[in-house]
file entry06.pdb (PDB, C-alpha atoms)
ATOM      1  CA  MET A  15       1.365  34.795  56.395
ATOM      2  CA  ASN A  16       4.794  33.728  55.046
ATOM      3  CA  ALA A  17       4.647  36.306  52.248
ATOM      4  CA  ALA A  18       3.856  39.086  54.727
ATOM      5  CA  TRP A  19       6.664  37.914  57.053
ATOM      6  CA  SER A  20       9.195  37.873  54.219
ATOM      7  CA  LYS A  21       8.277  41.364  53.049
ATOM      8  CA  THR A  22       8.562  42.826  56.559
ATOM      9  CA  SER A  23      11.880  41.096  57.173
ATOM     10  CA  VAL A  24      13.360  42.399  53.920
ATOM     11  CA  GLN A  25      12.349  45.948  54.840
ATOM     12  CA  ALA A  26      14.008  45.607  58.247
ATOM     13  CA  VAL A  27      17.242  44.208  56.768
ATOM     14  CA  ILE A  28      17.378  46.996  54.170
ATOM     15  CA  LEU A  29      17.044  49.606  56.914
ATOM     16  CA  LEU A  30      19.864  48.013  58.924
ATOM     17  CA  LEU A  31      22.184  47.770  55.915
ATOM     18  CA  ALA A  32      21.420  51.366  54.941
ATOM     19  CA  ILE A  33      22.325  52.818  58.352
ATOM     20  CA  VAL A  34      25.473  50.671  58.707
ATOM     21  CA  THR A  35      26.621  51.614  55.192
ATOM     22  CA  THR A  36      25.945  55.305  55.815
ATOM     23  CA  GLY A  37      27.922  55.248  59.053
ATOM     24  CA  THR A  38      30.861  53.365  57.539
ATOM     25  CA  VAL A  39      31.138  55.644  54.519
ATOM     26  CA  GLY A  40      30.734  58.710  56.738
ATOM     27  CA  TYR A  41      33.688  57.822  58.961
ATOM     28  CA  MET A  42      35.805  56.964  55.939
ATOM     29  CA  LEU A  43      35.141  60.366  54.358
ATOM     30  CA  ILE A  44      35.273  62.500  57.508
ATOM     31  CA  GLU A  45      38.089  60.828  59.454
ATOM     32  CA  GLY A  46      39.929  59.094  56.627
ATOM     33  CA  TRP A  47      39.816  55.722  58.415
ATOM     34  CA  SER A  48      39.981  52.320  56.779
ATOM     35  CA  ALA A  49      36.786  50.506  55.854
ATOM     36  CA  TRP A  50      37.191  48.022  58.717
ATOM     37  CA  ASP A  51      37.814  50.693  61.367
ATOM     38  CA  SER A  52      34.877  52.715  60.066
ATOM     39  CA  LEU A  53      32.585  49.681  60.117
ATOM     40  CA  TYR A  54      33.724  48.762  63.643
ATOM     41  CA  MET A  55      33.076  52.303  64.900
ATOM     42  CA  THR A  56      29.630  52.329  63.308
ATOM     43  CA  VAL A  57      28.629  48.991  64.839
ATOM     44  CA  ILE A  58      29.759  49.849  68.390
ATOM     45  CA  SER A  59      27.945  53.190  68.113
ATOM     46  CA  LEU A  60      24.691  51.665  66.867
ATOM     47  CA  THR A  61      24.735  48.924  69.492
ATOM     48  CA  THR A  62      25.666  51.449  72.241
ATOM     49  CA  VAL A  63      28.147  49.012  73.818
ATOM     50  CA  GLY A  64      30.304  51.854  75.125
ATOM     51  CA  TYR A  65      33.744  50.794  73.832
ATOM     52  CA  ARG A  66      36.399  53.487  73.270
ATOM     53  CA  GLU A  67      36.796  55.126  69.894
ATOM     54  CA  VAL A  68      39.023  53.361  67.359
ATOM     55  CA  HIS A  69      40.984  56.596  66.804
ATOM     56  CA  PRO A  70      40.678  60.074  68.295
ATOM     57  CA  LEU A  71      37.779  61.940  66.694
ATOM     58  CA  THR A  72      37.829  65.365  65.130
ATOM     59  CA  ARG A  73      35.051  67.854  65.813
ATOM     60  CA  ALA A  74      33.384  66.804  62.578
ATOM     61  CA  GLY A  75      33.734  63.152  63.564
ATOM     62  CA  GLU A  76      32.160  63.813  66.970
ATOM     63  CA  ALA A  77      29.234  65.615  65.308
ATOM     64  CA  PHE A  78      28.768  62.749  62.867
ATOM     65  CA  THR A  79      28.869  60.248  65.752
ATOM     66  CA  MET A  80      26.065  62.148  67.483
ATOM     67  CA  VAL A  81      24.008  61.951  64.276
ATOM     68  CA  VAL A  82      24.656  58.201  64.045
ATOM     69  CA  LEU A  83      23.653  57.682  67.691
ATOM     70  CA  VAL A  84      20.469  59.753  67.514
ATOM     71  CA  GLY A  85      19.212  58.625  64.111
ATOM     72  CA  GLY A  86      20.866  55.247  63.784
ATOM     73  CA  VAL A  87      19.960  53.763  67.153
ATOM     74  CA  GLY A  88      16.282  54.585  66.599
ATOM     75  CA  THR A  89      16.417  52.976  63.176
ATOM     76  CA  VAL A  90      18.064  49.850  64.577
ATOM     77  CA  LEU A  91      15.445  49.515  67.313
ATOM     78  CA  TYR A  92      12.661  49.953  64.762
ATOM     79  CA  SER A  93      14.196  47.330  62.458
ATOM     80  CA  PHE A  94      14.530  44.789  65.274
ATOM     81  CA  THR A  95      10.926  45.521  66.249
ATOM     82  CA  LEU A  96       9.790  44.649  62.718
ATOM     83  CA  ILE A  97      11.814  41.435  62.731
ATOM     84  CA  GLY A  98      10.553  40.497  66.192
ATOM     85  CA  ALA A  99       6.943  41.068  65.200
ATOM     86  CA  SER A 100       7.435  38.886  62.122
ATOM     87  CA  VAL A 101       8.985  36.096  64.159
ATOM     88  CA  ILE A 102       6.196  36.202  66.750
ATOM     89  CA  GLU A 103       3.538  36.196  64.044
ATOM     90  CA  SER A 104       5.120  33.297  62.173
ATOM     91  CA  THR A 105       5.831  31.152  65.238
ATOM     92  CA  LEU A 106       2.822  31.887  67.442
ATOM     93  CA  HIS A 107      -0.032  33.456  65.511
ATOM     94  CA  SER A 108      -0.077  31.222  62.441
ATOM     95  CA  PRO A 109      -0.303  27.856  64.252
ATOM     96  CA  TRP A 110      -2.983  29.249  66.546
ATOM     97  CA  GLU A 111      -4.872  30.574  63.539
ATOM     98  CA  ARG A 112      -4.617  27.222  61.791
ATOM     99  CA  ARG A 113      -5.919  25.394  64.853
ATOM    100  CA  ARG A 114      -8.817  27.816  65.181
ATOM    101  CA  ILE A 115      -9.784  27.419  61.513
ATOM    102  CA  SER A 116      -9.442  23.639  61.738
ATOM    103  CA  ALA A 117     -11.784  23.552  64.737
ATOM    104  CA  MET A 118     -14.348  25.687  62.897
ATOM    105  CA  LEU A 119     -14.130  23.432  59.839
ATOM    106  CA  ASP A 120     -14.701  20.355  62.009
ATOM    107  CA  ARG A 121     -18.016  21.852  63.180
ATOM    108  CA  LEU A 122     -19.070  22.969  59.705
ATOM    109  CA  GLU A 123     -21.997  21.258  57.974
ATOM    110  CA  HIS A 124     -24.829  22.107  55.566
ATOM    111  CA  HIS A 125     -22.658  24.954  54.279
ATOM    112  CA  PHE A 126     -21.683  26.466  50.944
ATOM    113  CA  ILE A 127     -18.186  26.269  49.494
ATOM    114  CA  VAL A 128     -17.260  29.431  47.566
ATOM    115  CA  CYS A 129     -14.357  28.759  45.202
ATOM    116  CA  GLY A 130     -12.544  31.995  44.393
ATOM    117  CA  TYR A 131     -12.586  35.324  46.215
ATOM    118  CA  GLY A 132     -12.726  37.729  43.306
ATOM    119  CA  ARG A 133     -15.454  40.289  42.661
ATOM    120  CA  ILE A 134     -18.163  37.627  42.409
ATOM    121  CA  GLY A 135     -16.870  35.687  45.407
ATOM    122  CA  GLY A 136     -16.741  38.839  47.515
ATOM    123  CA  ILE A 137     -20.394  39.593  46.808
ATOM    124  CA  LEU A 138     -21.346  35.996  47.607
ATOM    125  CA  VAL A 139     -19.670  35.834  51.004
ATOM    126  CA  ASP A 140     -21.052  39.239  51.998
ATOM    127  CA  GLU A 141     -24.574  38.049  51.191
ATOM    128  CA  PHE A 142     -24.077  34.735  52.989
ATOM    129  CA  ARG A 143     -22.785  36.576  56.050
ATOM    130  CA  ARG A 144     -25.778  38.952  56.067
ATOM    131  CA  GLN A 145     -28.165  36.020  55.872
ATOM    132  CA  ARG A 146     -26.193  33.999  58.459
ATOM    133  CA  VAL A 147     -25.646  31.118  56.043
ATOM    134  CA  PRO A 148     -22.588  28.973  56.876
ATOM    135  CA  TYR A 149     -19.866  29.073  54.220
ATOM    136  CA  VAL A 150     -16.172  28.532  53.614
ATOM    137  CA  VAL A 151     -14.046  30.175  50.920
ATOM    138  CA  VAL A 152     -11.358  28.325  48.955
ATOM    139  CA  GLU A 153      -8.665  30.749  47.771
ATOM    140  CA  ARG A 154      -5.087  30.073  46.648
ATOM    141  CA  ASP A 155      -3.776  33.653  46.651
ATOM    142  CA  PRO A 156      -1.989  34.255  50.016
ATOM    143  CA  GLU A 157      -2.781  37.969  50.122
ATOM    144  CA  ARG A 158      -6.479  37.436  49.449
ATOM    145  CA  LEU A 159      -6.526  34.610  51.987
ATOM    146  CA  ARG A 160      -4.976  36.865  54.611
ATOM    147  CA  ALA A 161      -7.562  39.580  53.896
ATOM    148  CA  LEU A 162     -10.359  37.019  54.180
ATOM    149  CA  ILE A 163      -9.221  35.702  57.545
ATOM    150  CA  GLU A 164      -8.578  39.175  58.947
ATOM    151  CA  ALA A 165     -12.125  40.159  57.902
ATOM    152  CA  GLY A 166     -13.502  37.228  59.890
ATOM    153  CA  HIS A 167     -14.329  34.881  56.997
ATOM    154  CA  LEU A 168     -13.686  31.149  57.197
ATOM    155  CA  ALA A 169     -11.241  30.232  54.437
ATOM    156  CA  VAL A 170      -9.038  27.408  53.185
ATOM    157  CA  GLU A 171      -5.878  27.962  51.146
ATOM    158  CA  GLY A 172      -5.274  25.946  47.996
ATOM    159  CA  ASP A 173      -6.435  24.943  44.539
ATOM    160  CA  ALA A 174     -10.211  24.409  44.503
ATOM    161  CA  SER A 175      -9.854  21.550  42.014
ATOM    162  CA  SER A 176      -7.721  19.565  44.475
ATOM    163  CA  GLU A 177      -9.432  16.705  46.304
ATOM    164  CA  GLU A 178      -7.339  17.405  49.386
ATOM    165  CA  VAL A 179      -8.413  21.049  49.496
ATOM    166  CA  LEU A 180     -12.105  20.247  48.980
ATOM    167  CA  ALA A 181     -11.841  17.628  51.713
ATOM    168  CA  LYS A 182     -10.504  20.342  54.042
ATOM    169  CA  ALA A 183     -13.529  22.439  53.119
ATOM    170  CA  ARG A 184     -15.708  19.479  54.221
ATOM    171  CA  VAL A 185     -17.267  18.936  50.797
ATOM    172  CA  SER A 186     -18.862  15.685  51.998
ATOM    173  CA  ARG A 187     -20.990  17.673  54.458
ATOM    174  CA  ALA A 188     -21.608  20.699  52.256
ATOM    175  CA  ARG A 189     -24.968  21.945  51.069
ATOM    176  CA  GLY A 190     -23.614  23.377  47.847
ATOM    177  CA  LEU A 191     -20.562  24.606  45.947
ATOM    178  CA  ILE A 192     -20.185  27.757  43.865
ATOM    179  CA  ALA A 193     -17.347  27.753  41.344
ATOM    180  CA  ALA A 194     -16.573  31.450  40.828
ATOM    181  CA  LEU A 195     -12.952  31.181  39.724
ATOM    182  CA  SER A 196     -11.369  33.507  37.200
ATOM    183  CA  SER A 197     -11.218  31.048  34.291
ATOM    184  CA  ASP A 198     -13.734  28.616  32.831
ATOM    185  CA  ALA A 199     -11.145  25.823  32.764
ATOM    186  CA  GLU A 200     -10.572  26.126  36.514
ATOM    187  CA  ASN A 201     -14.308  26.056  37.111
ATOM    188  CA  VAL A 202     -14.710  22.915  34.991
ATOM    189  CA  TYR A 203     -11.972  21.026  36.870
ATOM    190  CA  THR A 204     -13.334  22.160  40.235
ATOM    191  CA  ILE A 205     -16.874  21.041  39.396
ATOM    192  CA  LEU A 206     -15.669  17.676  38.090
ATOM    193  CA  THR A 207     -13.716  17.039  41.275
ATOM    194  CA  ALA A 208     -16.536  18.131  43.579
ATOM    195  CA  ARG A 209     -19.135  16.060  41.716
ATOM    196  CA  LEU A 210     -16.991  12.931  41.961
ATOM    197  CA  MET A 211     -16.293  13.469  45.649
ATOM    198  CA  HIS A 212     -19.897  14.206  46.638
ATOM    199  CA  PRO A 213     -22.469  13.329  43.934
ATOM    200  CA  PRO A 214     -25.553  14.818  45.710
ATOM    201  CA  LEU A 215     -23.856  18.227  46.028
ATOM    202  CA  TYR A 216     -25.725  21.207  44.557
ATOM    203  CA  ILE A 217     -23.256  23.007  42.274
ATOM    204  CA  ILE A 218     -23.416  26.431  40.635
ATOM    205  CA  GLY A 219     -20.783  27.337  38.057
ATOM    206  CA  ARG A 220     -19.712  30.662  36.600
ATOM    207  CA  ALA A 221     -19.272  30.842  32.817
ATOM    208  CA  GLU A 222     -17.879  33.557  30.598
ATOM    209  CA  SER A 223     -19.608  32.389  27.406
ATOM    210  CA  ASP A 224     -22.393  30.120  26.151
ATOM    211  CA  GLU A 225     -19.894  27.541  24.898
ATOM    212  CA  SER A 226     -18.096  27.323  28.231
ATOM    213  CA  GLY A 227     -21.481  27.228  29.949
ATOM    214  CA  ARG A 228     -22.328  24.028  28.099
ATOM    215  CA  LYS A 229     -19.000  22.503  29.139
ATOM    216  CA  ILE A 230     -19.582  23.461  32.756
ATOM    217  CA  THR A 231     -23.018  21.853  32.615
ATOM    218  CA  ARG A 232     -21.534  18.636  31.226
ATOM    219  CA  ALA A 233     -18.918  18.736  33.983
ATOM    220  CA  GLY A 234     -21.695  18.376  36.535
ATOM    221  CA  ALA A 235     -23.027  21.832  37.433
ATOM    222  CA  ASP A 236     -26.708  22.018  38.383
ATOM    223  CA  ARG A 237     -26.869  25.681  37.394
ATOM    224  CA  VAL A 238     -24.636  27.832  35.199
ATOM    225  CA  ILE A 239     -24.488  31.589  35.632
ATOM    226  CA  SER A 240     -23.051  34.111  33.199
ATOM    227  CA  PRO A 241     -22.476  37.416  35.063
ATOM    228  CA  TYR A 242     -22.525  39.415  31.825
ATOM    229  CA  GLN A 243     -25.783  37.874  30.644
ATOM    230  CA  ILE A 244     -27.478  38.347  33.995
ATOM    231  CA  GLY A 245     -26.176  41.906  34.265
ATOM    232  CA  GLY A 246     -27.538  42.760  30.822
ATOM    233  CA  GLN A 247     -30.919  41.180  31.544
ATOM    234  CA  HIS A 248     -31.148  42.982  34.875
ATOM    235  CA  MET A 249     -30.401  46.347  33.255
ATOM    236  CA  ALA A 250     -33.043  45.675  30.599
ATOM    237  CA  GLN A 251     -35.617  44.819  33.274
ATOM    238  CA  LEU A 252     -34.721  47.963  35.203
ATOM    239  CA  ALA A 253     -35.345  49.997  32.078
ATOM    240  CA  LEU A 254     -38.640  48.279  31.206
ATOM    241  CA  ARG A 255     -40.108  47.260  34.597
ATOM    242  CA  PRO A 256     -38.377  49.145  37.436
ATOM    243  CA  ALA A 257     -41.228  48.627  39.919
ATOM    244  CA  VAL A 258     -41.147  44.850  39.382
ATOM    245  CA  VAL A 259     -37.377  44.752  39.888
ATOM    246  CA  ASP A 260     -37.668  46.844  43.055
ATOM    247  CA  PHE A 261     -40.280  44.469  44.447
ATOM    248  CA  VAL A 262     -38.208  41.367  43.708
ATOM    249  CA  GLN A 263     -35.130  42.958  45.301
ATOM    250  CA  LEU A 264     -37.114  43.814  48.406
ATOM    251  CA  ALA A 265     -38.575  40.319  48.567
ATOM    252  CA  THR A 266     -35.199  38.587  48.243
ATOM    253  CA  SER A 267     -32.951  40.973  50.164
ATOM    254  CA  SER A 268     -32.000  40.183  53.745
ATOM    255  CA  GLU A 269     -31.996  43.904  54.514
ATOM    256  CA  PHE A 270     -35.777  44.076  54.115
ATOM    257  CA  LEU A 271     -36.791  41.979  57.083
ATOM    258  CA  GLU A 272     -40.572  42.478  56.860
ATOM    259  CA  LEU A 273     -40.890  40.420  53.710
ATOM    260  CA  SER A 274     -38.920  37.523  52.255
ATOM    261  CA  MET A 275     -39.094  35.123  49.372
ATOM    262  CA  GLU A 276     -38.081  31.572  50.188
ATOM    263  CA  GLN A 277     -38.227  28.014  48.860
ATOM    264  CA  ILE A 278     -39.197  25.019  50.975
ATOM    265  CA  GLU A 279     -38.852  21.400  49.969
ATOM    266  CA  VAL A 280     -41.793  19.013  50.273
ATOM    267  CA  ARG A 281     -40.302  15.976  51.958
ATOM    268  CA  ALA A 282     -41.629  12.459  51.462
ATOM    269  CA  ASP A 283     -42.080  11.994  55.202
ATOM    270  CA  GLY A 284     -43.282  15.547  55.826
ATOM    271  CA  PRO A 285     -46.771  16.792  56.735
ATOM    272  CA  LEU A 286     -47.287  18.614  53.405
ATOM    273  CA  THR A 287     -46.928  15.607  51.098
ATOM    274  CA  GLY A 288     -50.166  14.635  49.375
ATOM    275  CA  HIS A 289     -52.055  17.742  50.467
ATOM    276  CA  THR A 290     -53.460  20.407  48.181
ATOM    277  CA  LEU A 291     -52.688  24.055  48.829
ATOM    278  CA  VAL A 292     -56.206  24.672  50.072
ATOM    279  CA  SER A 293     -56.246  21.644  52.383
ATOM    280  CA  ALA A 294     -52.850  22.523  53.843
ATOM    281  CA  ASN A 295     -54.255  25.982  54.654
ATOM    282  CA  LEU A 296     -50.811  27.609  54.454
ATOM    283  CA  ARG A 297     -52.037  31.167  54.070
ATOM    284  CA  GLN A 298     -54.346  31.042  57.068
ATOM    285  CA  LYS A 299     -51.955  29.100  59.331
ATOM    286  CA  PHE A 300     -48.680  30.817  58.459
ATOM    287  CA  GLY A 301     -49.616  34.006  56.578
ATOM    288  CA  VAL A 302     -47.565  33.144  53.479
ATOM    289  CA  ILE A 303     -48.376  33.185  49.766
ATOM    290  CA  VAL A 304     -47.439  30.317  47.446
ATOM    291  CA  VAL A 305     -46.015  32.084  44.398
ATOM    292  CA  GLY A 306     -45.085  28.904  42.544
ATOM    293  CA  ILE A 307     -44.258  25.233  42.744
ATOM    294  CA  ARG A 308     -41.166  23.738  41.185
ATOM    295  CA  ARG A 309     -42.072  20.130  40.561
ATOM    296  CA  ALA A 310     -39.649  17.281  41.172
ATOM    297  CA  ASN A 311     -39.178  16.934  37.401
ATOM    298  CA  GLY A 312     -38.034  20.574  37.144
ATOM    299  CA  ARG A 313     -41.286  22.001  35.732
ATOM    300  CA  MET A 314     -42.315  25.320  37.278
ATOM    301  CA  GLU A 315     -45.967  26.169  38.038
ATOM    302  CA  PHE A 316     -46.559  29.866  38.651
ATOM    303  CA  ASN A 317     -49.500  31.054  40.738
ATOM    304  CA  PRO A 318     -50.736  27.485  41.299
ATOM    305  CA  ALA A 319     -54.429  26.816  41.768
ATOM    306  CA  PRO A 320     -55.748  26.049  45.290
ATOM    307  CA  GLU A 321     -56.333  22.447  44.153
ATOM    308  CA  ALA A 322     -52.653  21.970  43.229
ATOM    309  CA  ARG A 323     -51.305  18.954  45.088
ATOM    310  CA  MET A 324     -47.903  18.976  46.777
ATOM    311  CA  GLU A 325     -45.815  15.861  46.129
ATOM    312  CA  ALA A 326     -42.495  14.629  47.516
ATOM    313  CA  GLY A 327     -39.528  16.363  45.878
ATOM    314  CA  ASP A 328     -41.498  19.506  44.991
ATOM    315  CA  HIS A 329     -40.266  22.913  46.110
ATOM    316  CA  LEU A 330     -42.698  25.626  47.178
ATOM    317  CA  VAL A 331     -41.742  29.200  46.270
ATOM    318  CA  LEU A 332     -43.206  31.327  49.053
ATOM    319  CA  LEU A 333     -43.604  35.001  49.899
ATOM    320  CA  GLY A 334     -44.187  36.228  53.423
ATOM    321  CA  PRO A 335     -42.647  37.501  56.683
ATOM    322  CA  ALA A 336     -39.269  35.909  57.393
ATOM    323  CA  ASP A 337     -40.301  34.592  60.813
ATOM    324  CA  ARG A 338     -43.459  32.964  59.439
ATOM    325  CA  LEU A 339     -41.496  31.350  56.624
ATOM    326  CA  ALA A 340     -39.060  29.947  59.166
ATOM    327  CA  GLU A 341     -42.028  28.668  61.185
ATOM    328  CA  LEU A 342     -43.452  26.907  58.124
ATOM    329  CA  ALA A 343     -40.035  25.406  57.341
ATOM    330  CA  GLY A 344     -39.857  24.020  60.848
ATOM    331  CA  HIS A 345     -43.353  22.557  60.454
ATOM    332  CA  ALA A 346     -42.279  20.954  57.158
ATOM    333  CA  GLY A 347     -39.095  19.592  58.743
ATOM    334  CA  VAL A 348     -36.672  21.417  56.425
ATOM    335  CA  SER A 349     -34.271  24.362  56.592
ATOM    336  CA  THR A 350     -34.600  27.639  54.735
ATOM    337  CA  ALA A 351     -31.597  29.530  53.414
ATOM    338  CA  THR A 352     -31.574  31.792  56.458
ATOM    339  CA  ARG A 353     -32.153  29.235  59.178
TER     340      ARG A 353
END
call {"tool": "encode", "arguments": {"input": "entry06.pdb", "output": "structure tokens"}}
result
Amino acid sequence: MNAAWSKTSVQAVILLLAIVTTGTVGYMLIEGWSAWDSLYMTVISLTTVGYREVHPLTRAGEAFTMVVLVGGVGTVLYSFTLIGASVIESTLHSPWERRRISAMLDRLEHHFIVCGYGRIGGILVDEFRRQRVPYVVVERDPERLRALIEAGHLAVEGDASSEEVLAKARVSRARGLIAALSSDAENVYTILTARLMHPPLYIIGRAESDESGRKITRAGADRVISPYQIGGQHMAQLALRPAVVDFVQLATSSEFLELSMEQIEVRADGPLTGHTLVSANLRQKFGVIVVGIRRANGRMEFNPAPEARMEAGDHLVLLGPADRLAELAGHAGVSTATR
């Protein structure tokens, strides 16, 4: 906001100085007046106060005065309009905007914190918005922050590695944090700070290389993503197995509402704990398919047998209609990504 106000104000001042200078120099050249008399004549003409001329005007001077009045007065009005708009925005709009954002942050919980609004961050917030997942963006660039807020995103200004900034983003109530900053060092510091402030937080970190990925993991990230590695793997899969990739994209995209892929936690006090897949009767009751089970120890079981038992801390990987998956999540007492 302040940067935009300063830029607008400078433009307005430059316009005013340009028209005053032009008028002053014009009277000096045409009428041969002194600099002070020429400046005085220019100012009283631009402000339309109606005082008498400093000296009698020649025909050329009268013509120049008409040009100053027609062109200069319009320029002055436009410049004051720019300055007035900047003042109103800085004194009225910004405090209101801050209060609105603060109220939204106070209500925020079980959300994701996206650190950095670059190319990766932009894709993340667009996907979260499509899936109606609560999120807040932490961005220190004023221009990017302004664009975020004007686009309707919830955002906090500042350094993502700052405890004060993460506290504003309600890290203690967050579901997860994604460190997608431009440098690996920034991501490491951000993850360290977030892990210390809220140890149970689920953290995903962006890494540019394998070496930095290991450092980000040691800093406390649960998952480390390398955009280049994933992009290369995805292109290879598209070349080798395009139908499989198309199916996975359909199953995980919010734009394809007939089918979704979701994960649901098996809670210790939930109705699924201790049951086998066949005894829980998930396919018949909810019309979903159990694609896999990620055990509490991190081991993944693909296409589990009907006799596979669900234990506390396991996560079911499911495929089915979005509404039926949400119904199953409600039965299990947990939230899906889209609920």
call {"tool": "closest_residue", "arguments": {"input": "entry06.pdb", "among": "A:Gly306, A:Gly219, A:Pro256, A:Gly334", "to": "Ser240 of chain A", "atoms": "all atoms listed in the file"}}
result
A:Gly219
call {"tool": "atom_distance", "arguments": {"input": "entry06.pdb", "atom1": "atom CA of His124 of chain A", "atom2": "atom CA of Arg154 of chain A"}}
result
23.1 Å
call {"tool": "closest_residue", "arguments": {"input": "entry06.pdb", "among": "A:Leu254, A:Val331, A:Val128, A:Ala294", "to": "Leu168 of chain A", "atoms": "only C-alpha atoms"}}
result
A:Val128
call {"tool": "axis_aligned_box", "arguments": {"input": "entry06.pdb", "around": "segment 281-296 of chain A", "padding_each_side": "3 Å", "output": "JSON"}}
result
{"center_x": -48.3, "center_y": 19.8, "center_z": 52.5, "size_x": 21.9, "size_y": 21.6, "size_z": 14.6}
call {"tool": "resolve_selection", "arguments": {"input": "entry06.pdb", "expression": "the PyMOL selection byres ((chain A and resi 316) around 10)", "output": "list of chain:residue names"}}
result
A:Val304, A:Val305, A:Gly306, A:Ile307, A:Arg308, A:Arg313, A:Met314, A:Glu315, A:Asn317, A:Pro318, A:Ala319, A:Val331
call {"tool": "resolve_selection", "arguments": {"input": "entry06.pdb", "expression": "the PyMOL selection byres ((chain A and resi 347) around 10)", "output": "list in words"}}
result
Ile278, Glu279, Val280, Arg281, Asp283, Gly284, Pro285, Leu286, Glu341, Leu342, Ala343, Gly344, His345, Ala346, Val348 and Ser349 of chain A
call {"tool": "resolve_selection", "arguments": {"input": "entry06.pdb", "expression": "the PyMOL selection byres ((chain A and resi 171) around 7)", "output": "JSON, numbers by chain"}}
result
{"A": [152, 153, 154, 159, 169, 170, 172]}
call {"tool": "write_last_selection", "arguments": {"input": "entry06.pdb", "atoms": "C-alpha atoms", "output": "short mmCIF file (atom, residue, chain, number, x, y, z; two decimals), in the frame of the given file"}}
result
data_model
loop_
_atom_site.label_atom_id
_atom_site.label_comp_id
_atom_site.auth_asym_id
_atom_site.auth_seq_id
_atom_site.Cartn_x
_atom_site.Cartn_y
_atom_site.Cartn_z
CA VAL A 152 -11.36 28.32 48.96
CA GLU A 153 -8.66 30.75 47.77
CA ARG A 154 -5.09 30.07 46.65
CA LEU A 159 -6.53 34.61 51.99
CA ALA A 169 -11.24 30.23 54.44
CA VAL A 170 -9.04 27.41 53.18
CA GLY A 172 -5.27 25.95 48.00
#
call {"tool": "residues_around", "arguments": {"input": "entry06.pdb", "residues": "Ser176 of chain A", "least_positions_apart": "6", "cutoff": "12 Å", "atoms": "only C-alpha atoms", "output": "PyMOL selection string"}}
result
chain A and resi 129+152-154+170+182-183+185+200-201+203-208+210-211
call {"tool": "residues_around", "arguments": {"input": "entry06.pdb", "residues": "Ile303 of chain A", "least_positions_apart": "4", "cutoff": "7 Å", "atoms": "only C-alpha atoms", "output": "list of chain:residue names"}}
result
A:Arg297, A:Leu332, A:Leu333, A:Gly334
call {"tool": "write_last_selection", "arguments": {"input": "entry06.pdb", "atoms": "C-alpha atoms", "output": "PDB file, keeping the file's coordinate frame"}}
result
ATOM      1  CA  ARG A 297     -52.037  31.167  54.070  1.00  0.00           C
ATOM      2  CA  LEU A 332     -43.206  31.327  49.053  1.00  0.00           C
ATOM      3  CA  LEU A 333     -43.604  35.001  49.899  1.00  0.00           C
ATOM      4  CA  GLY A 334     -44.187  36.228  53.423  1.00  0.00           C
TER       5      GLY A 334
END
call {"tool": "residues_around", "arguments": {"input": "entry06.pdb", "residues": "Ala194 of chain A", "least_positions_apart": "2", "cutoff": "12 Å", "atoms": "only C-alpha atoms", "output": "MDAnalysis selection string"}}
result
chainID A and resid 127:139 151:153 174 191:192 196:202 204:205 217:222 230 238:241
call {"tool": "write_last_selection", "arguments": {"input": "entry06.pdb", "atoms": "C-alpha atoms", "output": "short mmCIF file (atom, residue, chain, number, x, y, z; two decimals), keeping the file's coordinate frame"}}
result
data_model
loop_
_atom_site.label_atom_id
_atom_site.label_comp_id
_atom_site.auth_asym_id
_atom_site.auth_seq_id
_atom_site.Cartn_x
_atom_site.Cartn_y
_atom_site.Cartn_z
CA ILE A 127 -18.19 26.27 49.49
CA VAL A 128 -17.26 29.43 47.57
CA CYS A 129 -14.36 28.76 45.20
CA GLY A 130 -12.54 32.00 44.39
CA TYR A 131 -12.59 35.32 46.22
CA GLY A 132 -12.73 37.73 43.31
CA ARG A 133 -15.45 40.29 42.66
CA ILE A 134 -18.16 37.63 42.41
CA GLY A 135 -16.87 35.69 45.41
CA GLY A 136 -16.74 38.84 47.52
CA ILE A 137 -20.39 39.59 46.81
CA LEU A 138 -21.35 36.00 47.61
CA VAL A 139 -19.67 35.83 51.00
CA VAL A 151 -14.05 30.18 50.92
CA VAL A 152 -11.36 28.32 48.96
CA GLU A 153 -8.66 30.75 47.77
CA ALA A 174 -10.21 24.41 44.50
CA LEU A 191 -20.56 24.61 45.95
CA ILE A 192 -20.18 27.76 43.86
CA SER A 196 -11.37 33.51 37.20
CA SER A 197 -11.22 31.05 34.29
CA ASP A 198 -13.73 28.62 32.83
CA ALA A 199 -11.14 25.82 32.76
CA GLU A 200 -10.57 26.13 36.51
CA ASN A 201 -14.31 26.06 37.11
CA VAL A 202 -14.71 22.92 34.99
CA THR A 204 -13.33 22.16 40.24
CA ILE A 205 -16.87 21.04 39.40
CA ILE A 217 -23.26 23.01 42.27
CA ILE A 218 -23.42 26.43 40.64
CA GLY A 219 -20.78 27.34 38.06
CA ARG A 220 -19.71 30.66 36.60
CA ALA A 221 -19.27 30.84 32.82
CA GLU A 222 -17.88 33.56 30.60
CA ILE A 230 -19.58 23.46 32.76
CA VAL A 238 -24.64 27.83 35.20
CA ILE A 239 -24.49 31.59 35.63
CA SER A 240 -23.05 34.11 33.20
CA PRO A 241 -22.48 37.42 35.06
#
call {"tool": "atom_distance", "arguments": {"input": "entry06.pdb", "atom1": "atom CA of Phe78 of chain A", "atom2": "atom CA of Tyr41 of chain A"}}
result
8.0 Å
call {"tool": "closest_residue", "arguments": {"input": "entry06.pdb", "among": "A:Arg113, A:Val258, A:Arg144, A:Tyr92", "to": "Ile28 of chain A", "atoms": "only C-alpha atoms"}}
result
A:Tyr92
call {"tool": "atom_distance", "arguments": {"input": "entry06.pdb", "atom1": "atom CA of His329 of chain A", "atom2": "atom CA of Gln277 of chain A"}}
result
6.1 Å
